[in-house]
file query.pdb (PDB, C-alpha atoms)
MODEL        1
ATOM      1  CA  MET A   1     -10.121 -17.230   2.723
ATOM      2  CA  ARG A   2      -7.457 -16.023   5.126
ATOM      3  CA  VAL A   3      -6.275 -12.415   4.833
ATOM      4  CA  SER A   4      -2.837 -11.400   6.111
ATOM      5  CA  ILE A   5      -2.636  -7.752   7.174
ATOM      6  CA  ILE A   6       0.881  -6.396   7.628
ATOM      7  CA  THR A   7       1.760  -3.301   9.652
ATOM      8  CA  VAL A   8       5.353  -2.086   9.758
ATOM      9  CA  CYS A   9       6.282   0.470  12.368
ATOM     10  CA  TYR A  10       9.061   2.410  14.017
ATOM     11  CA  ASN A  11       8.533   4.787  16.952
ATOM     12  CA  SER A  12       4.789   4.732  16.289
ATOM     13  CA  ALA A  13       3.543   5.012  19.873
ATOM     14  CA  MET A  14       1.254   7.940  18.999
ATOM     15  CA  THR A  15      -0.775   5.940  16.455
ATOM     16  CA  ILE A  16      -0.100   2.188  16.621
ATOM     17  CA  GLU A  17      -2.831   1.378  19.156
ATOM     18  CA  LYS A  18      -5.531   2.869  16.947
ATOM     19  CA  THR A  19      -4.187   0.846  14.009
ATOM     20  CA  ILE A  20      -4.218  -2.408  16.011
ATOM     21  CA  LEU A  21      -7.797  -1.825  17.195
ATOM     22  CA  SER A  22      -8.861  -1.066  13.620
ATOM     23  CA  VAL A  23      -7.800  -4.593  12.634
ATOM     24  CA  ALA A  24      -9.247  -6.179  15.769
ATOM     25  CA  ASN A  25     -12.641  -4.546  15.118
ATOM     26  CA  GLN A  26     -13.069  -6.051  11.655
ATOM     27  CA  THR A  27     -16.220  -8.147  11.316
ATOM     28  CA  TYR A  28     -14.319 -10.672   9.179
ATOM     29  CA  LYS A  29     -12.484 -12.976  11.553
ATOM     30  CA  ASP A  30     -10.095 -15.079   9.435
ATOM     31  CA  ILE A  31      -7.407 -12.384   9.623
ATOM     32  CA  GLU A  32      -3.744 -13.016  10.292
ATOM     33  CA  TYR A  33      -2.367  -9.774  11.712
ATOM     34  CA  ILE A  34       1.401  -9.310  11.499
ATOM     35  CA  ILE A  35       3.359  -6.404  12.977
ATOM     36  CA  VAL A  36       6.988  -5.809  12.055
ATOM     37  CA  ASP A  37       8.647  -3.263  14.345
ATOM     38  CA  GLY A  38      12.070  -1.816  13.554
ATOM     39  CA  LYS A  39      13.295  -1.923  17.174
ATOM     40  CA  SER A  40      11.426   1.197  18.276
ATOM     41  CA  LYS A  41      12.954   3.396  20.935
ATOM     42  CA  ASP A  42       9.660   4.766  22.263
ATOM     43  CA  THR A  43       6.761   2.824  23.837
ATOM     44  CA  THR A  44       5.586   1.179  20.597
ATOM     45  CA  VAL A  45       6.618  -2.305  21.738
ATOM     46  CA  LEU A  46       4.820  -1.860  25.069
ATOM     47  CA  LEU A  47       1.636  -1.047  23.180
ATOM     48  CA  ILE A  48       2.102  -4.070  20.922
ATOM     49  CA  GLU A  49       2.603  -6.276  23.991
ATOM     50  CA  LYS A  50      -0.568  -4.815  25.506
ATOM     51  CA  HIS A  51      -2.548  -6.155  22.535
ATOM     52  CA  THR A  52      -0.841  -9.481  21.769
ATOM     53  CA  ASP A  53      -4.245 -11.205  21.974
ATOM     54  CA  LYS A  54      -5.206  -9.264  18.825
ATOM     55  CA  ILE A  55      -1.950  -9.932  16.922
ATOM     56  CA  SER A  56      -1.070 -13.202  15.171
ATOM     57  CA  LYS A  57       2.682 -12.615  14.851
ATOM     58  CA  TRP A  58       5.022  -9.784  15.670
ATOM     59  CA  ILE A  59       8.741  -9.137  15.684
ATOM     60  CA  SER A  60      10.877  -6.232  16.850
ATOM     61  CA  GLU A  61      14.344  -6.046  15.366
ATOM     62  CA  PRO A  62      16.503  -3.671  13.327
ATOM     63  CA  ASP A  63      15.771  -3.601   9.613
ATOM     64  CA  ASN A  64      16.990  -1.911   6.452
ATOM     65  CA  GLY A  65      14.018   0.383   6.108
ATOM     66  CA  LEU A  66      10.317   0.304   5.307
ATOM     67  CA  TYR A  67      10.441  -2.133   2.403
ATOM     68  CA  ASP A  68      12.740  -4.565   4.187
ATOM     69  CA  ALA A  69      10.199  -4.620   7.020
ATOM     70  CA  MET A  70       7.349  -5.214   4.544
ATOM     71  CA  ASN A  71       9.273  -8.124   3.035
ATOM     72  CA  LYS A  72       9.712  -9.623   6.496
ATOM     73  CA  GLY A  73       5.969  -9.410   6.982
ATOM     74  CA  ILE A  74       5.265 -11.009   3.599
ATOM     75  CA  ASN A  75       7.658 -13.859   4.412
ATOM     76  CA  LEU A  76       5.806 -14.459   7.693
ATOM     77  CA  ALA A  77       2.371 -14.346   6.074
ATOM     78  CA  THR A  78       0.331 -17.500   5.461
ATOM     79  CA  GLY A  79      -2.886 -15.898   4.172
ATOM     80  CA  ASP A  80      -4.419 -16.166   0.716
ATOM     81  CA  LEU A  81      -4.518 -12.367   0.382
ATOM     82  CA  ILE A  82      -2.068  -9.757   1.627
ATOM     83  CA  GLY A  83      -2.852  -6.153   2.504
ATOM     84  CA  ILE A  84      -0.688  -3.394   3.991
ATOM     85  CA  LEU A  85      -1.968  -1.157   6.790
ATOM     86  CA  ASN A  86       0.467   1.591   7.769
ATOM     87  CA  SER A  87       1.109   2.257  11.453
ATOM     88  CA  ASP A  88      -0.593   5.660  11.401
ATOM     89  CA  ASP A  89      -3.588   4.520   9.333
ATOM     90  CA  THR A  90      -6.833   2.658  10.066
ATOM     91  CA  PHE A  91      -9.337   0.717   8.028
ATOM     92  CA  ASN A  92     -12.095   2.995   6.789
ATOM     93  CA  SER A  93     -14.815   0.841   8.361
ATOM     94  CA  ASP A  94     -15.198  -2.378  10.352
ATOM     95  CA  THR A  95     -16.433  -4.253   7.274
ATOM     96  CA  VAL A  96     -13.558  -3.487   4.872
ATOM     97  CA  ILE A  97     -11.956  -6.939   4.965
ATOM     98  CA  ALA A  98     -15.323  -8.714   4.660
ATOM     99  CA  GLU A  99     -16.057  -6.582   1.578
ATOM    100  CA  ILE A 100     -12.604  -7.269   0.083
ATOM    101  CA  VAL A 101     -12.932 -11.036   0.556
ATOM    102  CA  ASP A 102     -16.409 -11.052  -0.994
ATOM    103  CA  PHE A 103     -15.121  -9.020  -3.958
ATOM    104  CA  HIS A 104     -12.169 -11.359  -4.581
ATOM    105  CA  ILE A 105     -14.312 -14.493  -4.363
ATOM    106  CA  LYS A 106     -16.923 -13.127  -6.758
ATOM    107  CA  ASN A 107     -14.366 -11.908  -9.307
ATOM    108  CA  ASN A 108     -11.641 -14.591  -9.024
ATOM    109  CA  ILE A 109      -8.802 -12.078  -9.466
ATOM    110  CA  ASP A 110      -5.146 -11.775  -8.454
ATOM    111  CA  ALA A 111      -5.520  -8.249  -7.101
ATOM    112  CA  SER A 112      -8.016  -5.545  -6.267
ATOM    113  CA  VAL A 113      -7.421  -1.807  -6.170
ATOM    114  CA  GLY A 114      -9.687   0.634  -4.356
ATOM    115  CA  ASP A 115      -9.842   4.044  -2.751
ATOM    116  CA  ILE A 116      -8.515   5.666   0.419
ATOM    117  CA  ASN A 117      -9.511   8.725   2.409
ATOM    118  CA  GLN A 118      -6.672  11.072   3.317
ATOM    119  CA  HIS A 119      -7.287  13.075   6.469
ATOM    120  CA  LYS A 120      -5.627  15.532   8.817
ATOM    121  CA  GLU A 121      -4.830  14.792  12.454
ATOM    122  CA  ASN A 122      -8.167  16.353  13.465
ATOM    123  CA  GLY A 123      -9.962  13.767  11.313
ATOM    124  CA  LYS A 124     -11.019  16.158   8.558
ATOM    125  CA  ILE A 125     -10.980  14.399   5.162
ATOM    126  CA  VAL A 126      -8.951  16.394   2.656
ATOM    127  CA  ARG A 127      -8.953  14.006  -0.307
ATOM    128  CA  LEU A 128     -10.488  10.833  -1.667
ATOM    129  CA  TYR A 129      -7.561   9.156  -3.449
ATOM    130  CA  SER A 130      -9.356   6.909  -5.921
ATOM    131  CA  SER A 131      -8.337   4.174  -8.370
ATOM    132  CA  LYS A 132     -11.591   4.500 -10.319
ATOM    133  CA  TYR A 133      -9.948   5.867 -13.467
ATOM    134  CA  TRP A 134      -6.627   4.069 -13.044
ATOM    135  CA  ASN A 135      -5.291   1.282 -15.235
ATOM    136  CA  PRO A 136      -1.792  -0.239 -15.510
ATOM    137  CA  GLU A 137      -0.952   1.795 -18.630
ATOM    138  CA  LYS A 138      -0.995   4.907 -16.438
ATOM    139  CA  LEU A 139       2.129   3.629 -14.695
ATOM    140  CA  ILE A 140       3.962   4.698 -17.849
ATOM    141  CA  ILE A 141       3.182   8.361 -17.115
ATOM    142  CA  GLY A 142       3.798   8.138 -13.375
ATOM    143  CA  PHE A 143       0.463   7.170 -11.812
ATOM    144  CA  MET A 144      -0.122   4.310  -9.395
ATOM    145  CA  PRO A 145      -3.201   3.380  -7.350
ATOM    146  CA  PRO A 146      -3.085   4.116  -3.607
ATOM    147  CA  HIS A 147      -0.809   1.473  -2.148
ATOM    148  CA  PRO A 148      -2.901   0.743   0.998
ATOM    149  CA  SER A 149      -5.975   0.058  -1.168
ATOM    150  CA  ILE A 150      -4.302  -2.858  -2.971
ATOM    151  CA  PHE A 151      -4.916  -6.459  -1.913
ATOM    152  CA  LEU A 152      -2.756  -9.091  -3.604
ATOM    153  CA  LYS A 153      -2.755 -12.861  -3.672
ATOM    154  CA  LYS A 154       0.099 -14.162  -1.544
ATOM    155  CA  GLU A 155       1.227 -16.473  -4.378
ATOM    156  CA  LEU A 156       2.152 -13.449  -6.519
ATOM    157  CA  PHE A 157       5.107 -12.690  -4.255
ATOM    158  CA  ALA A 158       6.401 -16.250  -4.639
ATOM    159  CA  LYS A 159       6.055 -15.963  -8.427
ATOM    160  CA  PHE A 160       7.329 -12.438  -9.050
ATOM    161  CA  GLY A 161       9.291 -11.433  -5.945
ATOM    162  CA  ASN A 162       8.993  -9.033  -3.014
ATOM    163  CA  TYR A 163       9.748  -5.297  -2.693
ATOM    164  CA  ASP A 164      13.092  -4.329  -4.228
ATOM    165  CA  LEU A 165      15.387  -2.859  -1.580
ATOM    166  CA  GLY A 166      17.288  -0.882  -4.207
ATOM    167  CA  PHE A 167      14.587   1.812  -3.929
ATOM    168  CA  LYS A 168      14.312   4.452  -1.201
ATOM    169  CA  ILE A 169      10.665   5.471  -1.610
ATOM    170  CA  GLY A 170       9.601   3.875  -4.906
ATOM    171  CA  ALA A 171       9.700   0.121  -4.226
ATOM    172  CA  ASP A 172       5.902   0.007  -4.124
ATOM    173  CA  TYR A 173       5.800   1.640  -7.575
ATOM    174  CA  GLU A 174       8.296  -0.885  -8.915
ATOM    175  CA  LEU A 175       6.396  -3.851  -7.464
ATOM    176  CA  ILE A 176       3.087  -2.628  -8.916
ATOM    177  CA  THR A 177       4.790  -2.113 -12.297
ATOM    178  CA  ARG A 178       6.292  -5.607 -12.126
ATOM    179  CA  PHE A 179       3.010  -7.266 -11.149
ATOM    180  CA  PHE A 180       0.391  -5.300 -13.105
ATOM    181  CA  LEU A 181       2.249  -4.150 -16.223
ATOM    182  CA  LYS A 182       5.133  -6.551 -16.833
ATOM    183  CA  ASN A 183       3.377  -9.749 -15.706
ATOM    184  CA  ASN A 184      -0.190  -8.682 -16.516
ATOM    185  CA  ILE A 185      -1.850 -10.080 -13.388
ATOM    186  CA  SER A 186      -5.654 -10.134 -13.268
ATOM    187  CA  TRP A 187      -7.155  -7.245 -11.324
ATOM    188  CA  LYS A 188     -10.271  -5.170 -10.857
ATOM    189  CA  TYR A 189     -11.292  -1.878  -9.292
ATOM    190  CA  SER A 190     -13.260  -2.700  -6.152
ATOM    191  CA  GLY A 191     -14.850   0.674  -5.428
ATOM    192  CA  ILE A 192     -14.149  -0.039  -1.744
ATOM    193  CA  THR A 193     -12.678   2.763   0.372
ATOM    194  CA  THR A 194     -10.261   0.610   2.307
ATOM    195  CA  THR A 195      -8.193   2.977   4.415
ATOM    196  CA  ALA A 196      -8.240   6.226   6.351
ATOM    197  CA  MET A 197      -4.729   7.575   5.831
ATOM    198  CA  LEU A 198      -3.069  10.377   7.745
ATOM    199  CA  VAL A 199      -1.794  13.097   5.391
ATOM    200  CA  GLY A 200       1.983  13.240   5.081
ATOM    201  CA  GLY A 201       4.360  10.365   4.539
ATOM    202  CA  LEU A 202       7.637   9.143   3.178
ATOM    203  CA  SER A 203       6.801   9.881  -0.450
ATOM    204  CA  SER A 204       4.121  12.571  -0.180
ATOM    205  CA  SER A 205       5.814  15.823   0.749
ATOM    206  CA  GLY A 206       8.403  18.290  -0.534
ATOM    207  CA  THR A 207      10.278  19.166  -3.708
ATOM    208  CA  ALA A 208      13.188  16.848  -2.906
ATOM    209  CA  SER A 209      10.756  13.974  -2.419
ATOM    210  CA  TYR A 210       9.052  14.741  -5.759
ATOM    211  CA  LYS A 211      12.433  14.700  -7.507
ATOM    212  CA  LEU A 212      13.441  11.414  -5.883
ATOM    213  CA  ILE A 213      10.183   9.616  -6.643
ATOM    214  CA  THR A 214      10.371  10.904 -10.243
ATOM    215  CA  GLU A 215      13.818   9.321 -10.571
ATOM    216  CA  GLU A 216      12.634   6.090  -8.969
ATOM    217  CA  ILE A 217       9.533   5.853 -11.196
ATOM    218  CA  GLN A 218      11.834   5.986 -14.234
ATOM    219  CA  LYS A 219      14.159   3.441 -12.643
ATOM    220  CA  ALA A 220      11.217   1.102 -11.978
ATOM    221  CA  LEU A 221       9.934   1.312 -15.549
ATOM    222  CA  LYS A 222      13.405   0.851 -17.019
ATOM    223  CA  MET A 223      14.090  -2.199 -14.837
ATOM    224  CA  ASN A 224      10.906  -3.838 -16.098
ATOM    225  CA  GLY A 225      11.563  -3.116 -19.769
ATOM    226  CA  ILE A 226       8.774  -0.541 -20.117
ATOM    227  CA  VAL A 227       9.207   2.209 -22.730
ATOM    228  CA  PHE A 228       8.342   5.648 -21.315
ATOM    229  CA  SER A 229       8.742   9.397 -21.776
ATOM    230  CA  PRO A 230      10.826  11.039 -19.011
ATOM    231  CA  PHE A 231       9.171  14.366 -19.868
ATOM    232  CA  LYS A 232       5.654  13.001 -19.284
ATOM    233  CA  ILE A 233       6.708  11.563 -15.920
ATOM    234  CA  ARG A 234       8.305  14.838 -14.811
ATOM    235  CA  MET A 235       5.107  16.670 -15.805
ATOM    236  CA  ARG A 236       2.708  14.224 -14.115
ATOM    237  CA  PHE A 237       1.410  16.929 -11.770
ATOM    238  CA  LEU A 238       0.059  18.674 -14.882
ATOM    239  CA  TRP A 239      -1.773  15.533 -16.044
ATOM    240  CA  LYS A 240      -3.349  15.329 -12.573
ATOM    241  CA  ILE A 241      -4.671  18.875 -12.891
ATOM    242  CA  ILE A 242      -6.000  18.217 -16.396
ATOM    243  CA  GLY A 243      -7.655  14.984 -15.254
ATOM    244  CA  PHE A 244      -9.283  16.769 -12.329
ATOM    245  CA  LEU A 245     -10.650  19.513 -14.612
ATOM    246  CA  LEU A 246     -11.998  16.962 -17.120
ATOM    247  CA  LYS A 247     -13.860  15.149 -14.341
TER     248      LYS A 247
ENDMDL
END
call {"tool": "encode", "arguments": {"input": "query.pdb", "output": "structure tokens"}}
result
Amino acid sequence: MRVSIITVCYNSAMTIEKTILSVANQTYKDIEYIIVDGKSKDTTVLLIEKHTDKISKWISEPDNGLYDAMNKGINLATGDLIGILNSDDTFNSDTVIAEIVDFHIKNNIDASVGDINQHKENGKIVRLYSSKYWNPEKLIIGFMPPHPSIFLKKELFAKFGNYDLGFKIGADYELITRFFLKNNISWKYSGITTTAMLVGGLSSSGTASYKLITEEIQKALKMNGIVFSPFKIRMRFLWKIIGFLLK
């Protein structure tokens, strides 16, 4: 089974090398590693060129944002499974892809969802973001599994489409809604901690960001014909607190 790992980047010179080496160090060797750079203005491309022996395909050209770059990577991919590794993240261990492949073969599923560790720049883990108690119905109240922990069959994109560029920060939410809830793909929780993710990101900070992602969650559900309560989505932070206390 070939696994395509896609990294999209822009001005990522501070972190991209660590990300590349994280893929190169995987014990599983049938990996197609694709990097899509948005025409970086720093030394990102020089670092990519330094490691071309570890990269299957790479391009550097202007794009229309993060999700456009992800779509470019998906269109270049030839693997059976696709996973996303952000340019400031690393795999949580050298055996992650071997574990993912074994899990997919044993369970014969379209997708797996797992866990990620979120950490500060000093390496201190601040949160285990887990999919253990997640299911697709929770999309209706604003909860998705951690995006980097999801591995999807390549054929799903051909069947159901790529990331929708009509979203600023919620295209991953819309795609997961479209795949898992609208089209009811087969999936299973892997229990694998796939990724070590640096805290802070496009959709993880600030009141304005919370407001925007709330709007885009509702847009995603509406587009896919899912009935939902806007109030419950706006109050999702409260459900998180309640869930934490119940655990």
call {"tool": "resolve_selection", "arguments": {"input": "query.pdb", "expression": "the PyMOL selection byres ((chain A and resi 225-230) around 9)", "output": "PyMOL selection string"}}
result
chain A and resi 140-141+177+181-182+214+218+220-224+231-235
call {"tool": "resolve_selection", "arguments": {"input": "query.pdb", "expression": "the PyMOL selection byres ((chain A and resi 30) around 9)", "output": "mmCIF file with C-alpha atoms, keeping the file's coordinate frame"}}
result
data_model
loop_
_atom_site.group_PDB
_atom_site.id
_atom_site.type_symbol
_atom_site.label_atom_id
_atom_site.label_comp_id
_atom_site.auth_asym_id
_atom_site.auth_seq_id
_atom_site.Cartn_x
_atom_site.Cartn_y
_atom_site.Cartn_z
ATOM 1 C CA MET A 1 -10.121 -17.230 2.723
ATOM 2 C CA ARG A 2 -7.457 -16.023 5.126
ATOM 3 C CA VAL A 3 -6.275 -12.415 4.833
ATOM 4 C CA SER A 4 -2.837 -11.400 6.111
ATOM 5 C CA TYR A 28 -14.319 -10.672 9.179
ATOM 6 C CA LYS A 29 -12.484 -12.976 11.553
ATOM 7 C CA ILE A 31 -7.407 -12.384 9.623
ATOM 8 C CA GLU A 32 -3.744 -13.016 10.292
ATOM 9 C CA GLY A 79 -2.886 -15.898 4.172
#
call {"tool": "resolve_selection", "arguments": {"input": "query.pdb", "expression": "the PyMOL selection byres ((chain A and resi 49) around 12)", "output": "list in words"}}
result
Ile16, Glu17, Ile20, Ile35, Asp37, Thr43, Thr44, Val45, Leu46, Leu47, Ile48, Lys50, His51, Thr52, Asp53, Lys54, Ile55, Ser56, Lys57, Trp58, Ile59 and Ser60 of chain A
call {"tool": "closest_residue", "arguments": {"input": "query.pdb", "among": "A:Ile84, A:Leu156, A:Leu128, A:Leu198", "to": "A:Thr15", "atoms": "all atoms listed in the file"}}
result
A:Leu198
call {"tool": "closest_residue", "arguments": {"input": "query.pdb", "among": "A:Ser93, A:Ala24, A:Cys9, A:Pro145", "to": "A:Lys132", "atoms": "all atoms listed in the file"}}
result
A:Pro145
call {"tool": "closest_residue", "arguments": {"input": "query.pdb", "among": "A:Ile6, A:Ala69, A:Leu152, A:Leu139", "to": "A:Ile185", "atoms": "all atoms listed in the file"}}
result
A:Leu152
call {"tool": "residues_around", "arguments": {"input": "query.pdb", "residues": "A:Asp63", "least_positions_apart": "2", "cutoff": "10 Å", "atoms": "all atoms listed in the file", "output": "ChimeraX atom specification"}}
result
/A:36-39,60-61,65-70,72
call {"tool": "write_last_selection", "arguments": {"input": "query.pdb", "atoms": "C-alpha atoms", "output": "PDB file, in the frame of the given file"}}
result
ATOM      1  CA  VAL A  36       6.988  -5.809  12.055  1.00  0.00           C
ATOM      2  CA  ASP A  37       8.647  -3.263  14.345  1.00  0.00           C
ATOM      3  CA  GLY A  38      12.070  -1.816  13.554  1.00  0.00           C
ATOM      4  CA  LYS A  39      13.295  -1.923  17.174  1.00  0.00           C
ATOM      5  CA  SER A  60      10.877  -6.232  16.850  1.00  0.00           C
ATOM      6  CA  GLU A  61      14.344  -6.046  15.366  1.00  0.00           C
ATOM      7  CA  GLY A  65      14.018   0.383   6.108  1.00  0.00           C
ATOM      8  CA  LEU A  66      10.317   0.304   5.307  1.00  0.00           C
ATOM      9  CA  TYR A  67      10.441  -2.133   2.403  1.00  0.00           C
ATOM     10  CA  ASP A  68      12.740  -4.565   4.187  1.00  0.00           C
ATOM     11  CA  ALA A  69      10.199  -4.620   7.020  1.00  0.00           C
ATOM     12  CA  MET A  70       7.349  -5.214   4.544  1.00  0.00           C
ATOM     13  CA  LYS A  72       9.712  -9.623   6.496  1.00  0.00           C
TER      14      LYS A  72
END
call {"tool": "residues_around", "arguments": {"input": "query.pdb", "residues": "A:Gln26", "least_positions_apart": "5", "cutoff": "10 Å", "atoms": "all atoms listed in the file", "output": "ChimeraX atom specification"}}
result
/A:21,31,91,93-98
call {"tool": "atom_distance", "arguments": {"input": "query.pdb", "atom1": "atom CA of A:Ile74", "atom2": "atom CA of A:Ile5"}}
result
9.3 Å
call {"tool": "atom_distance", "arguments": {"input": "query.pdb", "atom1": "atom CA of A:Tyr133", "atom2": "atom CA of A:Val23"}}
result
28.2 Å
call {"tool": "closest_residue", "arguments": {"input": "query.pdb", "among": "A:Leu85, A:Val199, A:Ile217, A:Ile116", "to": "A:Ser22", "atoms": "all atoms listed in the file"}}
result
A:Leu85
call {"tool": "decode", "arguments": {"input": "query.pdb", "residues": "stretch 173-187 of chain A", "atoms": "N, CA, C and O atoms", "output": "short mmCIF file (atom, residue, chain, number, x, y, z; two decimals), in the first residue's frame"}}
result
data_model
loop_
_atom_site.label_atom_id
_atom_site.label_comp_id
_atom_site.auth_asym_id
_atom_site.auth_seq_id
_atom_site.Cartn_x
_atom_site.Cartn_y
_atom_site.Cartn_z
N TYR A 173 -13.36 21.24 7.48
CA TYR A 173 -14.63 20.87 8.13
C TYR A 173 -15.67 20.45 7.09
O TYR A 173 -16.36 19.45 7.26
N GLU A 174 -15.74 21.22 6.01
CA GLU A 174 -16.73 20.91 4.97
C GLU A 174 -16.42 19.57 4.31
O GLU A 174 -17.32 18.77 4.07
N LEU A 175 -15.14 19.31 4.03
CA LEU A 175 -14.78 18.05 3.38
C LEU A 175 -15.09 16.86 4.29
O LEU A 175 -15.63 15.84 3.84
N ILE A 176 -14.79 17.00 5.58
CA ILE A 176 -15.08 15.91 6.53
C ILE A 176 -16.59 15.69 6.64
O ILE A 176 -17.07 14.56 6.68
N THR A 177 -17.35 16.79 6.65
CA THR A 177 -18.82 16.67 6.66
C THR A 177 -19.32 15.96 5.40
O THR A 177 -20.16 15.06 5.48
N ARG A 178 -18.78 16.35 4.27
CA ARG A 178 -19.18 15.75 2.98
C ARG A 178 -18.84 14.27 2.92
O ARG A 178 -19.64 13.46 2.44
N PHE A 179 -17.66 13.90 3.39
CA PHE A 179 -17.23 12.51 3.32
C PHE A 179 -17.91 11.64 4.39
O PHE A 179 -18.51 10.62 4.08
N PHE A 180 -17.80 12.07 5.66
CA PHE A 180 -18.21 11.21 6.77
C PHE A 180 -19.72 11.24 7.03
O PHE A 180 -20.30 10.21 7.39
N LEU A 181 -20.34 12.40 6.89
CA LEU A 181 -21.75 12.54 7.27
C LEU A 181 -22.68 12.41 6.07
O LEU A 181 -23.63 11.63 6.08
N LYS A 182 -22.41 13.18 5.01
CA LYS A 182 -23.28 13.13 3.84
C LYS A 182 -23.15 11.81 3.08
O LYS A 182 -24.15 11.21 2.68
N ASN A 183 -21.91 11.36 2.87
CA ASN A 183 -21.69 10.16 2.05
C ASN A 183 -21.37 8.90 2.87
O ASN A 183 -21.15 7.84 2.28
N ASN A 184 -21.35 9.04 4.19
CA ASN A 184 -21.30 7.89 5.09
C ASN A 184 -20.17 6.91 4.75
O ASN A 184 -20.37 5.70 4.65
N ILE A 185 -18.95 7.44 4.57
CA ILE A 185 -17.82 6.57 4.28
C ILE A 185 -17.52 5.68 5.49
O ILE A 185 -17.89 6.00 6.62
N SER A 186 -16.86 4.56 5.26
CA SER A 186 -16.49 3.68 6.37
C SER A 186 -15.24 4.22 7.06
O SER A 186 -14.31 4.68 6.39
N TRP A 187 -15.24 4.19 8.38
CA TRP A 187 -14.13 4.76 9.14
C TRP A 187 -14.01 4.08 10.49
O TRP A 187 -14.93 3.38 10.94
#
